[in-house]
>>> print(open('work.txt').read())   # compact mmCIF, C-alpha atoms (C1' of nucleotides)
# COMPACT_ATOMS: atom_id res chain seq x y z
CA MET G 1 36.88 65.74 -38.52
CA LEU G 2 34.99 63.25 -36.41
CA GLN G 3 37.07 60.39 -37.70
CA THR G 4 40.43 61.88 -36.81
CA GLY G 5 38.98 62.84 -33.46
CA SER G 6 37.89 59.29 -32.88
CA SER G 7 41.22 58.09 -34.16
CA VAL G 8 43.17 60.23 -31.76
CA SER G 9 41.07 59.21 -28.81
CA THR G 10 41.20 55.49 -29.54
CA ARG G 11 44.90 55.78 -30.16
CA GLU G 12 45.18 57.44 -26.80
CA SER G 13 43.03 54.75 -25.21
CA ILE G 14 45.27 52.07 -26.65
CA HIS G 15 48.33 53.93 -25.45
CA SER G 16 47.20 54.26 -21.87
CA ALA G 17 45.77 50.76 -21.68
CA ALA G 18 49.02 49.37 -23.04
CA ALA G 19 51.08 51.42 -20.62
CA ARG G 20 49.07 50.21 -17.68
CA LEU G 21 49.14 46.57 -18.72
CA PHE G 22 52.81 46.51 -19.68
CA ARG G 23 53.70 48.11 -16.36
CA SER G 24 51.68 45.72 -14.24
CA ARG G 25 52.06 42.47 -16.20
CA GLY G 26 55.23 42.92 -18.24
CA TYR G 27 55.82 42.48 -21.93
CA SER G 28 55.36 38.78 -22.54
CA ARG G 29 52.36 38.37 -20.26
CA THR G 30 50.23 41.11 -21.79
CA THR G 31 48.56 40.25 -25.04
CA VAL G 32 47.46 42.51 -27.84
CA ARG G 33 43.94 41.27 -27.34
CA GLN G 34 44.02 42.31 -23.68
CA ILE G 35 45.14 45.77 -24.67
CA ALA G 36 42.43 46.01 -27.30
CA ALA G 37 39.77 44.84 -24.85
CA GLU G 38 40.81 47.35 -22.19
CA ALA G 39 40.90 50.12 -24.79
CA GLY G 40 37.48 49.04 -26.07
CA THR G 41 38.61 48.37 -29.59
CA ASP G 42 39.88 45.68 -31.93
CA PRO G 43 43.25 43.88 -31.82
CA ALA G 44 43.81 44.67 -35.47
CA LEU G 45 43.50 48.37 -34.74
CA VAL G 46 46.17 48.14 -32.09
CA ILE G 47 48.60 46.84 -34.65
CA ARG G 48 47.43 49.29 -37.29
CA HIS G 49 48.16 52.21 -35.00
CA PHE G 50 51.51 51.06 -33.62
CA LYS G 51 52.81 48.66 -36.28
CA SER G 52 53.63 45.89 -33.78
CA LYS G 53 53.36 44.93 -30.15
CA GLU G 54 57.06 45.62 -29.66
CA LEU G 55 56.84 49.15 -31.09
CA LEU G 56 53.81 49.84 -28.93
CA PHE G 57 55.85 48.71 -25.95
CA LEU G 58 58.74 50.98 -26.87
CA GLU G 59 56.35 53.87 -27.42
CA THR G 60 54.79 53.51 -24.00
CA MET G 61 57.64 52.41 -21.75
CA HIS G 62 59.70 55.49 -21.08
CA LEU G 63 61.52 56.00 -17.82
CA THR G 64 62.74 59.43 -16.90
CA LEU G 65 64.23 60.80 -13.74
CA ASP G 66 63.77 64.30 -12.50
CA ASP G 67 67.45 65.04 -12.08
CA GLU G 68 67.08 68.48 -10.58
CA PRO G 69 67.35 67.06 -7.06
CA LEU G 70 70.70 65.66 -8.14
CA LEU G 71 71.91 68.99 -9.45
CA ASP G 72 70.77 71.04 -6.47
CA VAL G 73 72.31 69.07 -3.66
CA PRO G 74 75.93 69.71 -2.62
CA LEU G 75 78.39 67.21 -4.00
CA GLU G 76 79.07 65.54 -0.69
CA ARG G 77 75.36 64.74 -0.28
CA LEU G 78 74.92 63.39 -3.81
CA GLY G 79 75.10 59.76 -2.78
CA GLU G 80 72.41 60.02 -0.16
CA ARG G 81 70.21 62.07 -2.47
CA LEU G 82 70.53 59.45 -5.18
CA ALA G 83 69.62 56.70 -2.75
CA GLU G 84 66.53 58.66 -1.76
CA LEU G 85 65.52 59.12 -5.37
CA LEU G 86 65.97 55.43 -6.11
CA LEU G 87 63.83 54.35 -3.19
CA ASP G 88 61.15 56.92 -3.99
CA LEU G 89 61.03 55.59 -7.53
CA GLY G 90 58.15 53.36 -6.57
CA GLY G 91 54.91 52.39 -8.22
CA SER G 92 54.73 53.06 -11.90
CA ALA G 93 58.43 53.71 -12.32
CA SER G 94 59.38 50.35 -10.89
CA GLY G 95 56.88 48.74 -13.24
CA VAL G 96 58.52 50.38 -16.23
CA PHE G 97 61.98 49.43 -15.04
CA LEU G 98 60.97 45.83 -14.48
CA ALA G 99 59.22 45.64 -17.82
CA LEU G 100 62.35 46.90 -19.54
CA VAL G 101 64.60 44.48 -17.69
CA HIS G 102 62.33 41.53 -18.32
CA GLY G 103 61.68 42.42 -21.92
CA SER G 104 65.29 43.16 -22.75
CA ASN G 105 65.64 39.70 -24.16
CA GLU G 106 64.23 41.40 -27.24
CA PRO G 107 67.06 43.30 -28.95
CA HIS G 108 65.21 46.58 -29.39
CA ILE G 109 64.04 46.57 -25.80
CA HIS G 110 67.59 45.86 -24.73
CA ASP G 111 68.70 48.95 -26.64
CA ARG G 112 66.05 50.94 -24.85
CA LEU G 113 67.23 49.68 -21.47
CA ARG G 114 70.80 50.60 -22.31
CA ASP G 115 69.76 54.11 -23.26
CA THR G 116 67.62 54.40 -20.16
CA HIS G 117 70.49 53.31 -17.95
CA GLU G 118 72.72 55.86 -19.62
CA HIS G 119 70.31 58.78 -19.42
CA LEU G 120 68.84 57.91 -16.04
CA PHE G 121 71.98 57.18 -14.06
CA VAL G 122 75.25 57.71 -15.85
CA GLU G 123 74.72 61.12 -17.42
CA PRO G 124 73.25 63.01 -14.44
CA LEU G 125 76.03 61.70 -12.21
CA ARG G 126 78.86 62.37 -14.60
CA ARG G 127 77.64 65.94 -14.95
CA ARG G 128 78.40 66.49 -11.30
CA LEU G 129 81.83 64.88 -11.30
CA THR G 130 85.22 66.16 -12.31
CA GLY G 131 88.66 64.67 -12.76
CA PRO G 132 90.15 62.24 -15.29
CA ASP G 133 88.20 59.25 -13.98
CA ALA G 134 84.87 61.07 -13.73
CA ASP G 135 83.34 58.83 -16.38
CA VAL G 136 84.47 55.63 -14.68
CA ARG G 137 83.17 56.78 -11.30
CA ALA G 138 79.84 57.79 -12.79
CA ARG G 139 79.47 54.40 -14.45
CA MET G 140 80.41 52.51 -11.32
CA ALA G 141 77.96 54.54 -9.28
CA ALA G 142 75.32 53.82 -11.93
CA ALA G 143 76.08 50.11 -11.58
CA VAL G 144 75.70 50.35 -7.82
CA ALA G 145 72.46 52.28 -8.21
CA GLY G 146 71.16 49.68 -10.65
CA GLY G 147 72.25 47.03 -8.15
CA LEU G 148 69.85 48.42 -5.59
CA LEU G 149 66.94 48.31 -8.02
CA TYR G 150 68.02 44.84 -9.11
CA ALA G 151 68.19 43.53 -5.55
CA LEU G 152 64.88 45.08 -4.52
CA TRP G 153 62.73 44.57 -7.57
CA VAL G 154 64.33 41.99 -9.84
CA ALA G 155 65.78 39.57 -7.32
CA GLY G 156 63.29 40.60 -4.64
CA ASP G 157 65.66 40.42 -1.66
CA GLN G 158 63.27 40.19 1.27
CA GLY G 159 65.90 41.26 3.76
CA LEU G 160 66.43 44.57 1.99
CA LEU G 161 62.75 45.03 1.26
CA ARG G 162 61.94 44.78 4.93
CA MET G 163 64.69 47.15 6.00
CA ASP G 164 63.91 50.51 7.52
CA ARG G 165 63.85 52.99 4.67
CA THR G 166 65.88 55.73 6.31
CA GLU G 167 68.57 53.29 7.36
CA LEU G 168 68.75 51.90 3.84
CA VAL G 169 68.97 55.42 2.42
CA SER G 170 71.73 56.25 4.84
CA ARG G 171 73.80 53.13 4.32
CA TYR G 172 73.38 52.84 0.57
CA GLY G 173 73.81 56.60 0.28
CA THR G 174 77.21 56.61 1.93
CA LEU G 175 78.14 53.66 -0.23
CA LEU G 176 77.24 55.58 -3.37
CA GLN G 177 79.03 58.60 -2.00
CA ASP G 178 82.23 56.59 -1.65
CA VAL G 179 82.03 55.73 -5.35
CA LEU G 180 81.26 59.25 -6.46
CA THR G 181 83.82 61.05 -4.31
CA PRO G 182 86.27 58.37 -3.13
CA ARG G 183 88.13 58.71 0.11
CA ALA G 184 91.85 58.11 0.32
CA PRO G 185 92.70 54.39 0.05
CA ARG G 186 92.87 52.43 3.27
CA THR G 187 96.07 52.67 5.16
CA SER G 188 95.92 49.12 6.45
CA MET K 189 66.01 -2.40 -21.72
CA LEU K 190 66.43 -0.74 -25.06
CA GLN K 191 63.47 1.54 -24.46
CA THR K 192 64.59 2.90 -21.11
CA GLY K 193 68.09 3.29 -22.54
CA SER K 194 66.67 5.27 -25.43
CA SER K 195 64.50 7.19 -23.02
CA VAL K 196 67.39 8.23 -20.84
CA SER K 197 69.48 9.28 -23.80
CA THR K 198 66.75 11.28 -25.49
CA ARG K 199 65.87 12.86 -22.18
CA GLU K 200 69.51 13.78 -21.84
CA SER K 201 69.56 15.12 -25.39
CA ILE K 202 66.55 17.28 -24.67
CA HIS K 203 68.11 18.50 -21.46
CA SER K 204 71.38 19.59 -23.03
CA ALA K 205 69.74 21.07 -26.10
CA ALA K 206 67.36 23.03 -23.90
CA ALA K 207 70.19 24.23 -21.68
CA ARG K 208 72.16 25.45 -24.66
CA LEU K 209 69.23 27.18 -26.31
CA PHE K 210 67.89 28.78 -23.13
CA ARG K 211 71.37 30.07 -22.33
CA SER K 212 71.99 31.56 -25.74
CA ARG K 213 68.50 32.75 -26.70
CA GLY K 214 66.67 33.12 -23.40
CA TYR K 215 63.32 31.75 -22.32
CA SER K 216 60.81 33.47 -24.56
CA ARG K 217 62.87 33.27 -27.73
CA THR K 218 63.50 29.53 -27.66
CA THR K 219 60.62 27.35 -28.72
CA VAL K 220 59.80 23.81 -27.73
CA ARG K 221 60.02 22.88 -31.39
CA GLN K 222 63.58 24.24 -31.61
CA ILE K 223 64.58 22.19 -28.60
CA ALA K 224 62.99 19.08 -30.08
CA ALA K 225 64.69 19.64 -33.43
CA GLU K 226 68.12 20.12 -31.85
CA ALA K 227 67.58 17.03 -29.70
CA GLY K 228 66.46 15.08 -32.76
CA THR K 229 63.05 14.24 -31.39
CA ASP K 230 59.44 15.35 -31.26
CA PRO K 231 57.98 18.43 -29.52
CA ALA K 232 55.39 16.27 -27.79
CA LEU K 233 58.16 14.17 -26.24
CA VAL K 234 59.78 17.27 -24.79
CA ILE K 235 56.58 18.05 -22.91
CA ARG K 236 56.03 14.43 -21.94
CA HIS K 237 59.46 14.28 -20.33
CA PHE K 238 59.42 17.62 -18.54
CA LYS K 239 55.69 18.42 -18.15
CA SER K 240 56.01 21.97 -19.53
CA LYS K 241 58.44 24.39 -21.11
CA GLU K 242 58.69 26.29 -17.84
CA LEU K 243 59.58 23.21 -15.80
CA LEU K 244 62.17 22.26 -18.39
CA PHE K 245 63.63 25.72 -18.03
CA LEU K 246 63.77 25.45 -14.25
CA GLU K 247 65.33 21.99 -14.53
CA THR K 248 68.11 23.19 -16.78
CA MET K 249 68.90 26.70 -15.58
CA HIS K 250 70.88 26.32 -12.40
CA LEU K 251 73.54 28.80 -11.42
CA THR K 252 76.07 27.85 -8.80
CA LEU K 253 79.18 29.55 -7.58
CA ASP K 254 82.24 27.79 -6.34
CA ASP K 255 82.47 29.66 -3.08
CA GLU K 256 85.70 28.12 -1.87
CA PRO K 257 87.70 31.07 -3.22
CA LEU K 258 85.54 33.27 -1.02
CA LEU K 259 86.20 31.18 2.06
CA ASP K 260 89.93 30.84 1.55
CA VAL K 261 90.87 34.46 1.09
CA PRO K 262 91.55 36.67 4.12
CA LEU K 263 88.65 38.87 5.09
CA GLU K 264 90.29 42.08 3.97
CA ARG K 265 90.70 40.69 0.46
CA LEU K 266 87.14 39.39 0.19
CA GLY K 267 85.87 42.29 -1.90
CA GLU K 268 88.55 42.03 -4.52
CA ARG K 269 88.17 38.27 -4.67
CA LEU K 270 84.43 38.60 -5.19
CA ALA K 271 84.96 41.11 -7.98
CA GLU K 272 87.35 38.66 -9.65
CA LEU K 273 84.81 35.87 -9.39
CA LEU K 274 82.06 38.00 -10.84
CA LEU K 275 84.12 39.03 -13.84
CA ASP K 276 85.34 35.50 -14.43
CA LEU K 277 81.75 34.32 -14.41
CA GLY K 278 81.69 34.60 -18.16
CA GLY K 279 80.24 32.49 -20.94
CA SER K 280 77.67 29.97 -19.88
CA ALA K 281 77.14 31.44 -16.42
CA SER K 282 76.25 34.84 -17.82
CA GLY K 283 73.80 33.16 -20.15
CA VAL K 284 72.07 31.47 -17.24
CA PHE K 285 71.99 34.66 -15.22
CA LEU K 286 70.53 36.62 -18.12
CA ALA K 287 67.98 33.93 -18.85
CA LEU K 288 66.84 34.01 -15.23
CA VAL K 289 66.63 37.79 -15.16
CA HIS K 290 64.77 38.00 -18.44
CA GLY K 291 62.47 35.12 -17.65
CA SER K 292 61.68 36.27 -14.13
CA ASN K 293 58.51 37.85 -15.36
CA GLU K 294 57.19 34.34 -14.87
CA PRO K 295 56.49 33.84 -11.16
CA HIS K 296 58.28 30.51 -10.80
CA ILE K 297 61.34 31.79 -12.59
CA HIS K 298 61.28 34.83 -10.34
CA ASP K 299 61.34 32.50 -7.34
CA ARG K 300 64.31 30.73 -8.83
CA LEU K 301 66.14 34.00 -9.34
CA ARG K 302 65.49 35.01 -5.76
CA ASP K 303 66.86 31.73 -4.49
CA THR K 304 69.85 32.00 -6.78
CA HIS K 305 70.60 35.50 -5.56
CA GLU K 306 70.37 34.27 -2.00
CA HIS K 307 72.56 31.21 -2.44
CA LEU K 308 75.00 32.74 -4.87
CA PHE K 309 75.72 36.04 -3.17
CA VAL K 310 74.09 36.61 0.17
CA GLU K 311 74.85 33.36 1.94
CA PRO K 312 78.56 32.95 1.09
CA LEU K 313 79.20 36.53 2.12
CA ARG K 314 77.24 36.44 5.32
CA ARG K 315 79.18 33.34 6.35
CA ARG K 316 82.34 35.41 6.40
CA LEU K 317 80.91 38.36 8.31
CA THR K 318 80.33 38.95 11.99
CA GLY K 319 78.61 41.59 14.06
CA PRO K 320 74.96 42.57 14.55
CA ASP K 321 74.60 44.04 11.05
CA ALA K 322 76.31 41.14 9.27
CA ASP K 323 73.13 40.25 7.45
CA VAL K 324 72.52 43.78 6.23
CA ARG K 325 76.09 44.17 5.03
CA ALA K 326 75.94 40.84 3.22
CA ARG K 327 72.73 41.84 1.47
CA MET K 328 74.05 45.23 0.50
CA ALA K 329 77.22 43.66 -0.86
CA ALA K 330 75.06 41.20 -2.77
CA ALA K 331 73.11 44.10 -4.24
CA VAL K 332 76.35 45.78 -5.29
CA ALA K 333 77.60 42.51 -6.78
CA GLY K 334 74.37 42.08 -8.68
CA GLY K 335 74.70 45.66 -9.82
CA LEU K 336 77.92 44.83 -11.59
CA LEU K 337 76.32 41.95 -13.45
CA TYR K 338 73.32 44.13 -14.18
CA ALA K 339 75.42 46.95 -15.58
CA LEU K 340 77.62 44.67 -17.66
CA TRP K 341 75.17 42.13 -18.97
CA VAL K 342 71.64 43.41 -18.54
CA ALA K 343 72.09 47.09 -19.26
CA GLY K 344 75.21 46.48 -21.35
CA ASP K 345 77.16 49.55 -20.20
CA GLN K 346 79.76 49.92 -22.94
CA GLY K 347 82.00 52.07 -20.81
CA LEU K 348 82.35 49.39 -18.18
CA LEU K 349 82.59 46.61 -20.74
CA ARG K 350 85.55 48.29 -22.39
CA MET K 351 87.36 48.95 -19.12
CA ASP K 352 90.60 47.22 -18.30
CA ARG K 353 89.69 44.11 -16.34
CA THR K 354 92.30 44.45 -13.61
CA GLU K 355 91.36 48.08 -13.00
CA LEU K 356 87.69 47.15 -12.78
CA VAL K 357 88.52 44.32 -10.38
CA SER K 358 90.55 46.68 -8.25
CA ARG K 359 88.04 49.51 -8.15
CA TYR K 360 84.89 47.43 -7.76
CA GLY K 361 86.74 45.17 -5.33
CA THR K 362 87.58 48.00 -2.95
CA LEU K 363 84.03 49.20 -3.30
CA LEU K 364 82.70 45.80 -2.26
CA GLN K 365 85.27 45.69 0.51
CA ASP K 366 83.93 48.94 1.93
CA VAL K 367 80.49 47.37 2.16
CA LEU K 368 81.71 44.14 3.70
CA THR K 369 84.08 45.64 6.23
CA PRO K 370 83.16 49.33 6.51
CA ARG K 371 85.68 51.92 7.43
CA ALA K 372 84.96 54.51 10.04
CA PRO K 373 82.53 57.16 8.80
CA ARG K 374 83.95 60.22 7.15
CA THR K 375 85.09 62.89 9.48
CA SER K 376 84.12 65.73 7.15
C1' DG V 377 26.68 63.43 -56.92
C1' DG V 378 30.65 60.74 -57.18
C1' DC V 379 35.09 59.78 -55.26
C1' DC V 380 38.70 59.12 -51.73
C1' DG V 381 41.01 58.37 -47.54
C1' DG V 382 41.11 56.70 -43.33
C1' DA V 383 38.86 54.41 -39.08
C1' DG V 384 36.72 50.21 -37.80
C1' DT V 385 35.34 45.16 -38.19
C1' DC V 386 35.86 40.42 -39.30
C1' DA V 387 37.99 36.37 -40.77
C1' DA V 388 42.00 34.24 -41.59
C1' DC V 389 47.05 33.03 -41.29
C1' DA V 390 51.41 31.07 -39.16
C1' DT V 391 53.43 30.05 -34.90
C1' DT V 392 53.32 29.00 -30.09
C1' DG V 393 52.71 25.48 -26.00
C1' DT V 394 50.18 21.48 -25.04
C1' DT V 395 47.12 17.23 -25.38
C1' DG V 396 45.11 12.95 -26.92
C1' DA V 397 44.94 9.01 -30.00
C1' DC V 398 47.46 5.67 -31.97
C1' DC V 399 51.72 2.49 -32.89
C1' DG V 400 55.28 -0.67 -31.85
C1' DA V 401 58.48 -3.03 -29.14
C1' DA V 402 59.94 -5.04 -24.83
C1' DC V 403 58.99 -7.01 -20.39
C1' DT V 404 55.64 -9.79 -17.37
C1' DT V 405 52.51 -13.42 -16.46
C1' DC V 406 50.28 -17.52 -17.35
C1' DG C 407 55.08 -19.63 -26.44
C1' DA C 408 50.80 -16.40 -26.15
C1' DA C 409 48.34 -12.64 -24.22
C1' DG C 410 48.61 -8.42 -21.92
C1' DT C 411 50.69 -4.31 -20.03
C1' DT C 412 53.75 -0.62 -20.07
C1' DC C 413 56.34 2.83 -22.06
C1' DG C 414 58.86 5.55 -25.69
C1' DG C 415 57.74 7.58 -29.95
C1' DT C 416 54.83 9.79 -33.90
C1' DC C 417 51.09 12.37 -35.66
C1' DA C 418 47.29 15.31 -35.76
C1' DA C 419 44.84 18.44 -33.48
C1' DC C 420 43.62 22.16 -30.03
C1' DA C 421 43.44 27.01 -28.10
C1' DA C 422 45.92 31.22 -27.83
C1' DT C 423 49.23 34.37 -29.78
C1' DG C 424 50.78 38.36 -33.07
C1' DT C 425 49.76 39.90 -37.52
C1' DT C 426 47.58 40.63 -42.21
C1' DG C 427 44.17 41.31 -45.75
C1' DA C 428 39.53 42.08 -47.42
C1' DC C 429 35.65 44.50 -46.63
C1' DT C 430 32.47 48.23 -44.72
C1' DC C 431 31.38 52.81 -43.47
C1' DC C 432 31.50 57.64 -43.15
C1' DG C 433 33.19 62.52 -43.47
C1' DG C 434 35.41 65.68 -46.57
C1' DC C 435 36.68 67.21 -51.51
C1' DC C 436 36.25 67.78 -56.80
>>> encode(input="work.txt", output="structure tokens")
Amino acid sequence: MLQTGSSVSTRESIHSAAARLFRSRGYSRTTVRQIAAEAGTDPALVIRHFKSKELLFLETMHLTLDDEPLLDVPLERLGERLAELLLDLGGSASGVFLALVHGSNEPHIHDRLRDTHEHLFVEPLRRRLTGPDADVRARMAAAVAGGLLYALWVAGDQGLLRMDRTELVSRYGTLLQDVLTPRAPRTS
Amino acid sequence: MLQTGSSVSTRESIHSAAARLFRSRGYSRTTVRQIAAEAGTDPALVIRHFKSKELLFLETMHLTLDDEPLLDVPLERLGERLAELLLDLGGSASGVFLALVHGSNEPHIHDRLRDTHEHLFVEPLRRRLTGPDADVRARMAAAVAGGLLYALWVAGDQGLLRMDRTELVSRYGTLLQDVLTPRAPRTS
DNA sequence: GGCCGGAGTCAACATTGTTGACCGAACTTC
DNA sequence: GAAGTTCGGTCAACAATGTTGACTCCGGCC
């Protein structure tokens, strides 16, 4: 049983090394040989365990959101709560998101990003909404939420990055709130 | 003068072939040899003319927005007009945007994307706004605008993609309008 | 004891971006 | 007009990449 034990542990080493490298350097800039070196094993073994670099990427790059905070909060505070969650999504989560966005030139990674967008943003929001256009509002709010991550992490808008966090939460939160639970149209 | 003539034309061939391929297949999935083949020349010549694949990419992938429509329209219609522009930005422009987003794992391409975001969205909007928080509002509107492109093209939200265009323009337009020229805060 | 299956190692493959050596033609200089 | 220089073009090669196959080794099973 020593062999399977070794197998499991090296497989785990490869997994965590790959996760770390993919998160910090992205898909195209991390090589199989780097992963193997950091896991203390051979490049061929990396492929043997995970079939291909792309499958290893898909196996390691999962992005989930703890959506309980979105279910707890009263509906009229949902926007602000979502903004908070997005801005707290720092560190490793932003690395995964960026890796998915950058890698989504690859068809399978693009599929993964689409699913992630759906599960991470659209579904939790739609669950809280009612009315005939609930789906549309959830998707628009998801687009706005993704826009914040895009501006901060993909485009790297320095003006937003340097903003005071609580002010950004407040402003972007009310903006999201207006999508989720629209006010009456303007009179003027 | 035959040589320089040939040089200019092959350089032009390389340029247009590269632009087409980068737009349709992205940065990582187009090879220098593909570009050379489509331009009817040699891979070495591609590098000789443009120093590297990355510089060739930066030379070809420019994204500009005709911002006159944003300057003409009255301020209270700016949001809707911007939404129209974004959704009309189809075909080749979306290819360039996607190529920049996908390629922005590369530092120089990331710089280009940041500049593009600034020139394409932030600056034209800020020029129309006044008040102490004009810059913040412009950047938030730019984030929301980018969010639409992100949701449609990067994440590929099928629900939004299948929506009626005029309804999407109307809804996302009023949303943008609320960022650009905010209404008074909710009373409740 | 002999066999098997699976983990590990090593060398190789095709493909990638990139470089250097060479070739030929045109323009410059005497 | 001849020699030389410059510049576009071609070819072969390089290192690095993902991936594969052959081979070794070792623990468990008949």
>>> residues_around(input="work.txt", residues="DC429 (chain C)", least_positions_apart="3", cutoff="12 Å", atoms="all atoms listed in the file", output="PyMOL selection string")
chain V and resi 384-387
>>> atom_distance(input="work.txt", atom1="CA of Ser16 (chain G)", atom2="C1' of DA390 (chain V)")
29.2 Å
>>> closest_residue(input="work.txt", among="K:Pro373, K:Gly291, K:Gly267, K:Gly334", to="Ser358 (chain K)", atoms="only C-alpha atoms")
K:Gly267
>>> interface_residues(input="work.txt", of="chain C", to="chain G", cutoff="10 Å", atoms="all atoms listed in the file", output="JSON, numbers by chain")
{"C": [422, 423, 424, 425, 426, 432, 433, 434]}
>>> interface_residues(input="work.txt", of="chain G", to="chain K", cutoff="6 Å", atoms="all atoms listed in the file", output="PyMOL selection string")
chain G and resi 102+113-114+143-144+146-148+151+155
>>> residues_around(input="work.txt", residues="DA418 (chain C)", least_positions_apart="5", cutoff="12 Å", atoms="all atoms listed in the file", output="PDB file with C-alpha atoms (C1' of nucleotides), in the coordinates of the input")
ATOM      1  CA  ALA K 232      55.390  16.270 -27.790  1.00  0.00           C
TER       2      ALA K 232
ATOM      3  C1'  DT V 395      47.120  17.230 -25.380  1.00  0.00           C
ATOM      4  C1'  DG V 396      45.110  12.950 -26.920  1.00  0.00           C
ATOM      5  C1'  DA V 397      44.940   9.010 -30.000  1.00  0.00           C
ATOM      6  C1'  DC V 398      47.460   5.670 -31.970  1.00  0.00           C
TER       7       DC V 398
END
>>> atom_distance(input="work.txt", atom1="CA of Leu244 (chain K)", atom2="CA of Ala206 (chain K)")
7.6 Å
>>> closest_residue(input="work.txt", among="V:DG377, V:DC403, V:DG382, V:DT392", to="chain G", atoms="only C-alpha atoms (C1' of nucleotides)")
V:DG382
>>> closest_atom_pairs(input="work.txt", of="chain V", to="chain K", cutoff="8 Å", atoms="all atoms listed in the file", output="tab-separated table")
residue	atom	partner	partner_atom	distance
V:DT392	C1'	K:Thr219	CA	7.6
V:DG393	C1'	K:Val220	CA	7.5
V:DT394	C1'	K:Ile235	CA	7.6
V:DA402	C1'	K:Met189	CA	7.3
>>> write_last_selection(input="work.txt", atoms="C-alpha atoms (C1' of nucleotides)", output="PDB file, in the frame of the given file")
ATOM      1  C1'  DT V 392      53.320  29.000 -30.090  1.00  0.00           C
ATOM      2  C1'  DG V 393      52.710  25.480 -26.000  1.00  0.00           C
ATOM      3  C1'  DT V 394      50.180  21.480 -25.040  1.00  0.00           C
ATOM      4  C1'  DA V 402      59.940  -5.040 -24.830  1.00  0.00           C
TER       5       DA V 402
END
>>> atom_distance(input="work.txt", atom1="CA of Thr354 (chain K)", atom2="CA of Leu275 (chain K)")
9.8 Å
>>> residues_near_point(input="work.txt", point="(39.9, 62.5, -54.8)", cutoff="7 Å", atoms="all atoms listed in the file", output="JSON, numbers by chain")
{"V": [379, 380], "C": [435, 436]}
>>> write_last_selection(input="work.txt", atoms="C-alpha atoms (C1' of nucleotides)", output="CSV table (one decimal), in the frame of the given file")
chain,number,residue,atom,x,y,z
V,379,DC,C1',35.1,59.8,-55.3
V,380,DC,C1',38.7,59.1,-51.7
C,435,DC,C1',36.7,67.2,-51.5
C,436,DC,C1',36.2,67.8,-56.8
>>> residues_around(input="work.txt", residues="Leu317 (chain K)", least_positions_apart="2", cutoff="9 Å", atoms="only C-alpha atoms (C1' of nucleotides)", output="number ranges by chain")
K: 263, 313-315, 319, 321-323, 325-326, 368-369
